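Here's input01.txt, which has compact mmCIF, C-alpha atoms:
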```
# COMPACT_ATOMS: atom_id res chain seq x y z
CA MET V 1 12.74 -38.53 -12.48
CA SER V 2 14.16 -35.08 -12.23
CA LEU V 3 14.18 -32.15 -9.88
CA THR V 4 12.56 -28.78 -10.40
CA LEU V 5 14.73 -26.08 -8.95
CA GLU V 6 13.42 -22.64 -8.16
CA ILE V 7 15.50 -19.89 -6.61
CA VAL V 8 13.59 -16.80 -5.61
CA THR V 9 14.77 -13.58 -4.00
CA PRO V 10 12.55 -10.68 -2.94
CA GLU V 11 13.63 -8.81 -6.05
CA ALA V 12 13.24 -11.47 -8.70
CA LYS V 13 13.00 -15.11 -9.62
CA VAL V 14 16.65 -15.90 -10.20
CA TYR V 15 16.48 -19.48 -11.39
CA SER V 16 13.81 -21.86 -12.52
CA ASP V 17 14.62 -25.04 -14.38
CA THR V 18 14.58 -28.83 -14.31
CA VAL V 19 17.88 -30.20 -13.09
CA ASP V 20 19.56 -33.46 -12.05
CA THR V 21 21.22 -32.60 -8.77
CA VAL V 22 21.56 -29.61 -6.48
CA VAL V 23 24.15 -28.97 -3.80
CA ILE V 24 22.97 -26.42 -1.24
CA PRO V 25 25.23 -24.72 1.29
CA THR V 26 23.50 -24.94 4.69
CA ALA V 27 24.28 -23.93 8.23
CA GLU V 28 25.51 -27.47 8.91
CA GLY V 29 27.52 -28.06 5.77
CA GLU V 30 26.68 -28.79 2.17
CA VAL V 31 23.64 -30.88 1.34
CA GLY V 32 23.47 -32.72 -1.95
CA ILE V 33 19.96 -33.27 -3.26
CA LEU V 34 19.04 -35.99 -5.73
CA PRO V 35 15.52 -36.72 -6.97
CA GLY V 36 13.47 -38.59 -4.38
CA HIS V 37 15.02 -36.85 -1.40
CA ILE V 38 13.06 -36.89 1.86
CA ALA V 39 11.17 -33.67 2.66
CA LEU V 40 13.58 -31.21 4.23
CA LEU V 41 13.43 -27.62 5.35
CA THR V 42 16.78 -26.08 6.01
CA GLN V 43 18.52 -22.78 6.49
CA VAL V 44 20.75 -21.71 3.64
CA ALA V 45 24.18 -20.37 4.54
CA ASP V 46 26.24 -17.91 2.51
CA GLY V 47 28.02 -19.90 -0.12
CA GLU V 48 28.06 -21.62 -3.44
CA LEU V 49 25.08 -23.49 -4.78
CA ARG V 50 25.89 -26.06 -7.46
CA VAL V 51 23.44 -27.31 -10.01
CA THR V 52 24.14 -30.13 -12.43
CA LYS V 53 22.07 -30.78 -15.46
CA GLY V 54 23.36 -33.51 -17.77
CA SER V 55 27.06 -32.88 -18.05
CA ALA V 56 26.82 -29.15 -17.40
CA THR V 57 27.34 -27.68 -13.97
CA GLU V 58 26.13 -24.25 -12.99
CA TYR V 59 27.24 -22.24 -10.00
CA LEU V 60 25.34 -19.63 -8.05
CA ALA V 61 26.30 -17.44 -5.13
CA VAL V 62 23.54 -17.37 -2.52
CA SER V 63 23.23 -15.63 0.80
CA GLY V 64 20.81 -16.10 3.66
CA GLY V 65 17.49 -17.83 3.33
CA PHE V 66 15.76 -21.17 3.33
CA ALA V 67 15.48 -24.19 1.13
CA GLU V 68 12.53 -26.52 0.95
CA VAL V 69 13.12 -29.92 -0.53
CA GLY V 70 10.46 -32.29 -1.73
CA ALA V 71 10.68 -35.51 -3.70
CA ASP V 72 10.72 -33.81 -7.06
CA ARG V 73 11.43 -30.17 -6.31
CA VAL V 74 13.83 -27.87 -4.53
CA ARG V 75 12.77 -24.37 -3.70
CA VAL V 76 15.24 -21.84 -2.40
CA LEU V 77 14.10 -18.66 -0.75
CA ALA V 78 17.24 -16.55 -0.64
CA GLU V 79 17.85 -12.98 0.41
CA ARG V 80 20.36 -12.65 -2.39
CA ALA V 81 21.33 -14.91 -5.25
CA ILE V 82 23.21 -14.50 -8.49
CA THR V 83 24.35 -16.88 -11.21
CA GLU V 84 28.06 -17.18 -11.82
CA GLU V 85 28.12 -15.61 -15.28
CA LYS V 86 26.32 -12.52 -13.97
CA ILE V 87 28.93 -11.82 -11.32
CA ASP V 88 30.99 -8.81 -12.31
CA GLU V 89 34.29 -9.21 -10.51
CA GLY V 90 35.32 -5.58 -10.88
CA ALA V 91 32.01 -4.29 -9.58
CA VAL V 92 32.09 -6.70 -6.64
CA GLU V 93 35.61 -5.68 -5.68
CA ALA V 94 34.64 -2.03 -5.90
CA ALA V 95 31.61 -2.75 -3.71
CA ILE V 96 33.82 -4.41 -1.08
CA LYS V 97 36.18 -1.43 -1.10
CA ARG V 98 33.28 1.00 -0.75
CA ALA V 99 31.75 -0.93 2.13
CA GLU V 100 35.06 -1.27 3.95
CA GLN V 101 35.79 2.39 3.42
CA GLU V 102 32.39 3.26 4.82
CA ILE V 103 33.01 1.15 7.91
CA ARG V 104 36.41 2.76 8.45
CA ASP V 105 35.18 6.32 7.90
CA ALA V 106 32.09 6.28 10.04
CA LYS V 107 33.01 6.88 13.66
CA ASP V 108 29.81 6.01 15.50
CA ILE V 109 28.15 3.85 12.89
CA ASP V 110 24.60 2.66 13.36
CA PRO V 111 24.75 -1.04 14.35
CA ALA V 112 22.08 -1.95 11.80
CA GLN V 113 24.01 -0.19 9.07
CA TYR V 114 27.21 -1.92 10.20
CA GLU V 115 25.52 -5.28 10.09
CA HIS V 116 24.23 -4.50 6.61
CA LEU V 117 27.69 -3.53 5.36
CA GLN V 118 29.20 -6.67 6.86
CA GLU V 119 26.56 -8.71 5.07
CA MET V 120 27.36 -6.99 1.80
CA ILE V 121 31.05 -7.77 2.27
CA ARG V 122 30.32 -11.42 3.10
CA TYR V 123 28.07 -11.80 0.06
CA ALA V 124 30.67 -10.08 -2.12
CA GLY V 125 33.28 -12.49 -0.77
CA VAL V 126 31.06 -15.43 -1.68
CA GLN V 127 30.58 -14.06 -5.17
CA LEU V 128 34.33 -13.69 -5.67
CA ALA V 129 34.98 -17.19 -4.35
CA VAL V 130 32.42 -18.64 -6.75
CA LYS V 131 33.82 -16.70 -9.68
CA ARG V 132 37.49 -17.40 -9.02
CA ARG V 133 37.27 -21.10 -8.30
CA ARG V 134 36.55 -21.75 -11.94
CA ARG V 135 39.98 -20.70 -13.20
CA MET B 136 -11.42 43.34 -22.05
CA ALA B 137 -7.78 42.57 -21.35
CA SER B 138 -5.31 43.85 -23.86
CA THR B 139 -3.92 41.47 -26.46
CA ARG B 140 -0.47 41.84 -24.99
CA ASP B 141 -1.65 40.63 -21.56
CA ILE B 142 -3.44 37.68 -23.08
CA ARG B 143 -0.41 36.79 -25.14
CA ARG B 144 1.70 36.81 -22.01
CA ARG B 145 -0.70 34.48 -20.22
CA ILE B 146 -0.84 32.14 -23.17
CA LYS B 147 2.93 31.87 -23.07
CA SER B 148 3.00 31.05 -19.36
CA VAL B 149 0.23 28.45 -19.65
CA LYS B 150 2.11 26.86 -22.56
CA ASN B 151 5.18 26.57 -20.37
CA THR B 152 3.17 24.97 -17.59
CA ARG B 153 1.70 22.50 -20.02
CA GLN B 154 5.11 21.58 -21.31
CA ILE B 155 6.45 20.96 -17.82
CA THR B 156 3.49 18.91 -16.64
CA LYS B 157 3.63 16.89 -19.85
CA ALA B 158 7.30 16.11 -19.26
CA MET B 159 6.56 15.15 -15.66
CA GLU B 160 3.73 12.93 -16.77
CA LEU B 161 6.03 11.06 -19.14
CA VAL B 162 8.70 10.65 -16.47
CA ALA B 163 6.13 9.40 -13.96
CA ALA B 164 4.70 7.01 -16.54
CA SER B 165 8.03 5.34 -17.18
CA LYS B 166 8.82 5.15 -13.47
CA MET B 167 5.34 3.80 -12.83
CA LYS B 168 5.90 0.91 -15.23
CA LYS B 169 9.11 -0.03 -13.44
CA ALA B 170 7.56 0.32 -9.99
CA GLN B 171 4.54 -1.76 -10.93
CA ALA B 172 6.78 -4.46 -12.38
CA ALA B 173 8.86 -4.46 -9.19
CA ALA B 174 5.74 -4.80 -7.05
CA LEU B 175 4.69 -7.78 -9.14
CA ALA B 176 8.18 -9.33 -9.05
CA GLY B 177 7.78 -9.78 -5.28
CA ARG B 178 4.89 -12.17 -5.84
CA PRO B 179 6.80 -15.44 -6.42
CA TYR B 180 8.69 -14.85 -3.20
CA ALA B 181 5.46 -14.32 -1.28
CA GLU B 182 4.04 -17.47 -2.78
CA LEU B 183 7.06 -19.55 -1.86
CA MET B 184 7.16 -18.16 1.64
CA ALA B 185 3.49 -19.01 2.08
CA GLN B 186 4.20 -22.57 1.07
CA MET B 187 7.16 -22.86 3.41
CA LEU B 188 5.25 -21.47 6.36
CA ALA B 189 2.44 -23.85 5.49
CA ALA B 190 4.86 -26.77 5.46
CA LEU B 191 6.17 -25.66 8.83
CA SER B 192 2.85 -25.01 10.50
CA THR B 193 1.37 -28.38 9.63
CA ARG B 194 4.34 -30.12 11.21
CA VAL B 195 5.08 -28.01 14.24
CA GLU B 196 2.58 -27.89 17.07
CA ASP B 197 2.37 -25.25 19.79
CA LEU B 198 4.76 -22.68 18.46
CA GLN B 199 6.36 -20.49 21.06
CA HIS B 200 7.70 -17.25 19.71
CA PRO B 201 7.61 -13.64 20.99
CA PHE B 202 6.12 -12.56 17.63
CA LEU B 203 3.11 -14.75 18.27
CA ALA B 204 2.45 -13.75 21.88
CA LYS B 205 -0.43 -11.34 22.44
CA ARG B 206 0.09 -8.56 24.94
CA GLU B 207 -1.68 -5.51 26.28
CA VAL B 208 -1.46 -2.64 23.81
CA ARG B 209 -0.33 0.60 25.38
CA THR B 210 1.56 2.16 22.50
CA ARG B 211 1.06 1.24 18.88
CA GLY B 212 4.05 1.18 16.61
CA ILE B 213 3.34 2.29 13.10
CA ILE B 214 5.48 2.19 9.99
CA LEU B 215 4.19 4.95 7.73
CA ILE B 216 5.15 4.72 4.08
CA THR B 217 4.87 7.94 2.07
CA SER B 218 6.71 9.60 -0.79
CA ASP B 219 9.72 11.87 -0.67
CA LYS B 220 8.34 14.31 -3.20
CA GLY B 221 4.99 15.99 -3.63
CA LEU B 222 3.01 16.71 -6.80
CA CYS B 223 1.28 13.38 -6.63
CA GLY B 224 -2.30 14.45 -6.07
CA PRO B 225 -4.10 13.49 -2.89
CA LEU B 226 -1.95 10.39 -2.31
CA ASN B 227 -0.15 11.47 0.86
CA THR B 228 -3.08 13.46 2.21
CA ASN B 229 -5.29 10.39 2.03
CA VAL B 230 -2.71 8.38 3.94
CA PHE B 231 -2.45 11.12 6.58
CA LYS B 232 -6.21 11.02 7.10
CA LEU B 233 -5.76 7.43 8.22
CA VAL B 234 -3.05 8.55 10.63
CA THR B 235 -5.30 11.27 12.04
CA ASP B 236 -7.94 8.64 12.78
CA ILE B 237 -5.61 6.90 15.23
CA LYS B 238 -6.62 8.10 18.68
CA THR B 239 -4.61 5.71 20.84
CA PRO B 240 -0.99 6.62 21.68
CA ALA B 241 1.26 5.66 18.83
CA LYS B 242 4.86 5.99 17.79
CA PHE B 243 5.92 6.25 14.19
CA ALA B 244 8.75 5.13 11.99
CA VAL B 245 8.40 6.87 8.66
CA ILE B 246 9.66 6.12 5.19
CA GLY B 247 9.58 9.21 2.97
CA ARG B 248 10.12 12.90 3.68
CA LYS B 249 6.46 13.91 3.33
CA GLY B 250 5.44 11.57 6.12
CA ALA B 251 8.24 12.76 8.41
CA GLN B 252 7.17 16.36 7.87
CA PHE B 253 3.55 15.50 8.62
CA ILE B 254 4.38 13.65 11.84
CA ALA B 255 6.62 16.49 12.99
CA ARG B 256 4.03 19.13 12.10
CA THR B 257 1.21 17.39 13.93
CA LYS B 258 3.47 16.80 16.97
CA ARG B 259 3.19 13.04 16.95
CA GLU B 260 5.96 10.87 18.24
CA LEU B 261 8.52 10.14 15.56
CA LEU B 262 10.92 7.30 16.36
CA ALA B 263 12.89 7.37 13.13
CA ASP B 264 12.59 8.47 9.55
CA PHE B 265 14.10 6.95 6.44
CA PRO B 266 14.39 8.30 2.89
CA ALA B 267 12.25 6.79 0.14
CA ASN B 268 14.40 6.80 -2.97
CA ASP B 269 13.23 5.58 -6.33
CA ARG B 270 15.11 2.31 -6.19
CA THR B 271 13.57 0.60 -3.20
CA SER B 272 16.04 -2.11 -2.25
CA PHE B 273 15.29 -4.95 0.12
CA ALA B 274 18.34 -4.08 2.21
CA ASP B 275 17.09 -0.51 2.81
CA ILE B 276 13.64 -1.63 3.88
CA LYS B 277 15.07 -4.41 6.01
CA VAL B 278 16.78 -1.76 8.12
CA VAL B 279 13.42 -0.08 8.74
CA ALA B 280 11.60 -3.31 9.52
CA GLU B 281 14.31 -4.58 11.83
CA TYR B 282 14.42 -1.26 13.63
CA MET B 283 10.70 -1.48 14.34
CA VAL B 284 10.91 -5.13 15.38
CA LYS B 285 13.64 -4.15 17.82
CA GLN B 286 11.35 -1.51 19.35
CA PHE B 287 8.69 -4.17 19.60
CA MET B 288 10.98 -6.64 21.34
CA GLU B 289 12.23 -3.98 23.75
CA GLY B 290 8.68 -3.00 24.64
CA THR B 291 8.84 0.57 23.33
CA VAL B 292 5.84 -0.30 21.20
CA ASP B 293 3.34 -3.13 21.64
CA THR B 294 2.30 -3.60 18.03
CA VAL B 295 3.85 -3.13 14.65
CA GLU B 296 1.51 -1.90 11.97
CA VAL B 297 2.01 -0.57 8.48
CA ILE B 298 0.14 2.27 6.80
CA TRP B 299 0.73 2.67 3.11
CA PRO B 300 -1.15 3.59 -0.07
CA ARG B 301 -2.07 0.17 -1.38
CA PHE B 302 -1.79 -0.12 -5.12
CA ARG B 303 -4.98 -1.32 -6.78
CA ASN B 304 -4.52 0.05 -10.26
CA THR B 305 -3.20 3.16 -11.94
CA LEU B 306 -6.25 5.21 -11.04
CA LEU B 307 -6.92 3.81 -7.60
CA GLN B 308 -4.70 3.77 -4.54
CA VAL B 309 -6.28 2.89 -1.22
CA PRO B 310 -4.62 3.99 2.03
CA THR B 311 -4.45 0.83 4.12
CA LEU B 312 -3.51 -0.09 7.67
CA MET B 313 -2.30 -3.59 8.25
CA PRO B 314 -1.18 -5.07 11.59
CA LEU B 315 2.04 -7.09 11.41
CA LEU B 316 2.98 -7.88 14.99
CA PRO B 317 1.99 -9.70 17.07
CA LEU B 318 1.08 -12.32 14.54
CA SER B 319 -2.21 -13.45 15.96
CA GLY B 320 -1.66 -16.90 14.53
CA LEU B 321 0.20 -18.50 11.73
CA GLN B 322 -2.99 -19.41 9.92
CA GLU B 323 -3.92 -15.76 9.48
CA VAL B 324 -0.45 -15.03 8.23
CA LEU B 325 -0.78 -17.79 5.71
CA ALA B 326 -4.16 -16.71 4.42
CA ASP B 327 -2.72 -13.25 4.09
CA LEU B 328 0.30 -14.34 2.10
CA ARG B 329 -1.79 -16.55 -0.07
CA SER B 330 -4.18 -13.76 -1.01
CA ASP B 331 -1.16 -11.56 -1.75
CA ALA B 332 0.25 -14.20 -4.00
CA GLY B 333 -3.12 -14.59 -5.70
CA LEU B 334 -3.77 -18.05 -4.31
CA SER B 335 -6.89 -19.32 -2.63
CA ALA B 336 -7.08 -18.58 1.09
CA THR B 337 -7.08 -22.21 2.14
CA PRO B 338 -3.99 -24.39 2.05
CA THR B 339 -3.96 -26.59 -0.99
CA LYS B 340 -2.74 -29.76 0.62
CA ALA B 341 -1.87 -30.98 4.06
CA ALA B 342 1.18 -33.01 3.22
CA ASP B 343 1.68 -35.38 6.12
CA THR B 344 4.88 -36.86 4.83
CA GLN B 345 7.60 -36.62 7.37
CA MET B 346 9.85 -33.62 7.14
CA LEU B 347 13.37 -33.05 8.31
CA PHE B 348 14.40 -29.73 9.77
CA GLU B 349 17.93 -28.48 9.83
CA PRO B 350 19.18 -27.47 12.35
CA ASP B 351 15.71 -27.92 14.00
CA ALA B 352 12.17 -26.64 13.71
CA ALA B 353 12.53 -24.00 16.42
CA THR B 354 15.64 -22.49 14.84
CA VAL B 355 14.06 -22.44 11.43
CA ILE B 356 10.96 -20.64 12.64
CA GLU B 357 13.13 -18.30 14.68
CA SER B 358 14.68 -16.98 11.51
CA LEU B 359 11.79 -17.49 9.09
CA LEU B 360 9.42 -15.20 11.01
CA PRO B 361 11.69 -12.12 10.97
CA LEU B 362 12.26 -12.75 7.29
CA TYR B 363 8.52 -12.82 6.80
CA ILE B 364 8.18 -9.44 8.54
CA ASN B 365 10.96 -7.95 6.42
CA ARG B 366 9.46 -9.25 3.25
CA GLU B 367 6.02 -7.98 4.15
CA VAL B 368 7.27 -4.45 4.81
CA TYR B 369 9.33 -4.58 1.62
CA GLN B 370 6.33 -5.62 -0.42
CA HIS B 371 4.33 -2.73 1.01
CA ALA B 372 7.14 -0.31 0.22
CA LEU B 373 7.18 -1.49 -3.39
CA ASP B 374 3.44 -1.17 -3.46
CA ALA B 375 3.65 2.38 -2.13
CA LYS B 376 6.21 3.22 -4.81
CA ALA B 377 3.91 1.94 -7.53
CA SER B 378 1.06 3.96 -6.01
CA GLU B 379 3.17 7.10 -5.83
CA HIS B 380 4.19 7.06 -9.46
CA SER B 381 0.70 6.17 -10.59
CA ALA B 382 -0.81 8.99 -8.57
CA ARG B 383 1.78 11.42 -9.87
CA MET B 384 1.17 10.42 -13.44
CA VAL B 385 -2.56 10.90 -13.07
CA ALA B 386 -2.13 14.25 -11.30
CA MET B 387 0.22 15.48 -14.01
CA LYS B 388 -2.09 14.30 -16.75
CA THR B 389 -4.97 16.23 -15.17
CA ALA B 390 -2.77 19.32 -14.89
CA LYS B 391 -1.75 18.99 -18.52
CA ASP B 392 -5.35 18.60 -19.65
CA ASN B 393 -6.39 21.64 -17.64
CA ALA B 394 -3.58 23.65 -19.20
CA THR B 395 -4.68 22.61 -22.68
CA LYS B 396 -8.26 23.63 -21.95
CA LEU B 397 -7.17 26.96 -20.51
CA LEU B 398 -4.97 27.52 -23.53
CA GLY B 399 -7.98 27.02 -25.83
CA ASP B 400 -10.05 29.54 -23.90
CA LEU B 401 -7.23 32.06 -23.85
CA THR B 402 -6.57 31.70 -27.58
CA LEU B 403 -10.25 32.34 -28.28
CA GLU B 404 -10.20 35.40 -26.08
CA TYR B 405 -7.02 36.61 -27.74
CA ASN B 406 -8.48 36.26 -31.23
CA LYS B 407 -11.64 38.11 -30.17
CA ALA B 408 -9.56 40.94 -28.72
CA ARG B 409 -7.47 41.08 -31.89
CA GLN B 410 -10.58 41.13 -34.08
CA ALA B 411 -12.11 43.86 -31.94
CA GLY B 412 -8.92 45.87 -32.28
CA ILE B 413 -8.94 45.62 -36.08
CA THR B 414 -12.63 46.53 -36.31
CA GLN B 415 -11.96 49.48 -34.07
CA GLU B 416 -9.12 50.69 -36.30
CA ILE B 417 -11.20 50.35 -39.50
CA LEU B 418 -13.97 52.32 -37.86
CA GLU B 419 -11.55 55.01 -36.86
CA ILE B 420 -10.06 55.26 -40.40
CA ALA B 421 -13.53 55.35 -41.98
CA ALA B 422 -14.69 58.00 -39.51
CA ALA B 423 -11.61 60.10 -40.27
CA GLN B 424 -12.31 59.90 -44.04
CA PHE B 425 -15.95 60.97 -43.61
CA ALA B 426 -14.85 63.88 -41.51
CA ALA B 427 -12.36 65.04 -44.13
```
What does the file become when written as structure tokens?
Amino acid sequence: MSLTLEIVTPEAKVYSDTVDTVVIPTAEGEVGILPGHIALLTQVADGELRVTKGSATEYLAVSGGFAEVGADRVRVLAERAITEEKIDEGAVEAAIKRAEQEIRDAKDIDPAQYEHLQEMIRYAGVQLAVKRRRR
Amino acid sequence: MASTRDIRRRIKSVKNTRQITKAMELVAASKMKKAQAAALAGRPYAELMAQMLAALSTRVEDLQHPFLAKREVRTRGIILITSDKGLCGPLNTNVFKLVTDIKTPAKFAVIGRKGAQFIARTKRELLADFPANDRTSFADIKVVAEYMVKQFMEGTVDTVEVIWPRFRNTLLQVPTLMPLLPLSGLQEVLADLRSDAGLSATPTKAADTQMLFEPDAATVIESLLPLYINREVYQHALDAKASEHSARMVAMKTAKDNATKLLGDLTLEYNKARQAGITQEILEIAAAQFAA
């Protein structure tokens, strides 16, 4: 018995494959999912999502969303998600700098915009953490 | 009959116009492909969200949420999605007709410069306007949706509705008004999402296996519903983008075809004038010889 994992963001379907185990970062800590798990609906926190398939392990950075777990499938509805090999460290660092600069420069920044920038920085931080842990 | 020089000048200008409209048609066509693909890429997300909401609704009874509560409608809140640029045929005008039909007091949040101009010109109440650039990102639209939801929660507006040119196919865009808030019931929401995702309107299965919620059902629905609103507005914005580029491509194609036709007519006229000129000259030479 195996798990079908689907990770979908509003912009694209990021991941779709049959896997052995999935570890999801949630609001209350990491949840490891094996085939035959009880039905679960949980909020996904910003963090690292690990997928193992055979002996290979894949890492994804995810941010905000929900995960629905059934006996033979895991479906993640994330606001943002990216696989480890697609993370471009330089670009992410530049993005953090830009966002921080924007926060510093703007005097009376729109709260919504501020929130958005903070989110970008958090997600960028998650991406860096995922990328750098593997060294 | 106009002189050959005048006709030549007009031919030149029409040729230029044709070249420009042709270039614009090609640009719009390539953008249209991308926009249509983006609109379709949102489908899996819609499908998944429908299934999650379905899973929730079958297991949670008597939901209490401000988004679900009906209230007296004094002011309607409308998110109007238009384009930033013109030259896209009757696309925006058709959308504005729908706006003109609204007789009850309404406040608007507008995406796209054309819409903001229209609202300002017709002296309607504009709450906020946002640019509509070619790369519609979820984060940008989220700002718009969350702004409107905030107005709804604060009581500035009593509904949240979206007006946008719904994309049917390249030749057909239908201006559409769709109410978002209050959600008159989860079931309607679900049917809606399902039809968007191309599924049948009825839930496929009522899984009555027990389900765990983390942290708990109320918290999950508390954050899933706003996400649903954001996604819905985003999908409409993508849809509007696809409509815009389609409409522009068609408008430019028509303009190009008209230019080609005009060019044919002008060339014919030019040749006739030239022929007439030559005949005239021969006649004059012949007449001069006879006279000599």
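In this comparison, which uses all atoms listed in the file, the residue of B:Ala181, B:Ala411, B:Ala280, B:Ala390 approaching Cys223 in chain B most closely is B:Ala390.
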For this session: Find the residues around Gly36 in chain V up to 12 Å (only C-alpha atoms counted), leave out those fewer than 6 positions away in its own chain, and share them as a PyMOL selection string.
Result: chain V and resi 1-4+20-21+69-74
Problem set entry | 10 Å contacts from chain V to chain B using all atoms listed in the file, as a PyMOL selection string | chain V and resi 6-13+26-28+38-44+64-70+75-80+112-113+115-117+119-120
Exercise. Between CA of Ala61 in chain V and CA of Thr18 in chain V, what is the distance, to one decimal in Å?
Worked result: 18.7 Å
Problem set entry | Å distance separating CA of Leu60 in chain V from CA of Tyr123 in chain V, one decimal place | 11.6 Å
Exercise. Which residue, B:Ala394, B:Ile214, B:Met384, B:Leu161, has the smallest gap to Pro314 in chain B when you use only C-alpha atoms?
Worked result: B:Ile214
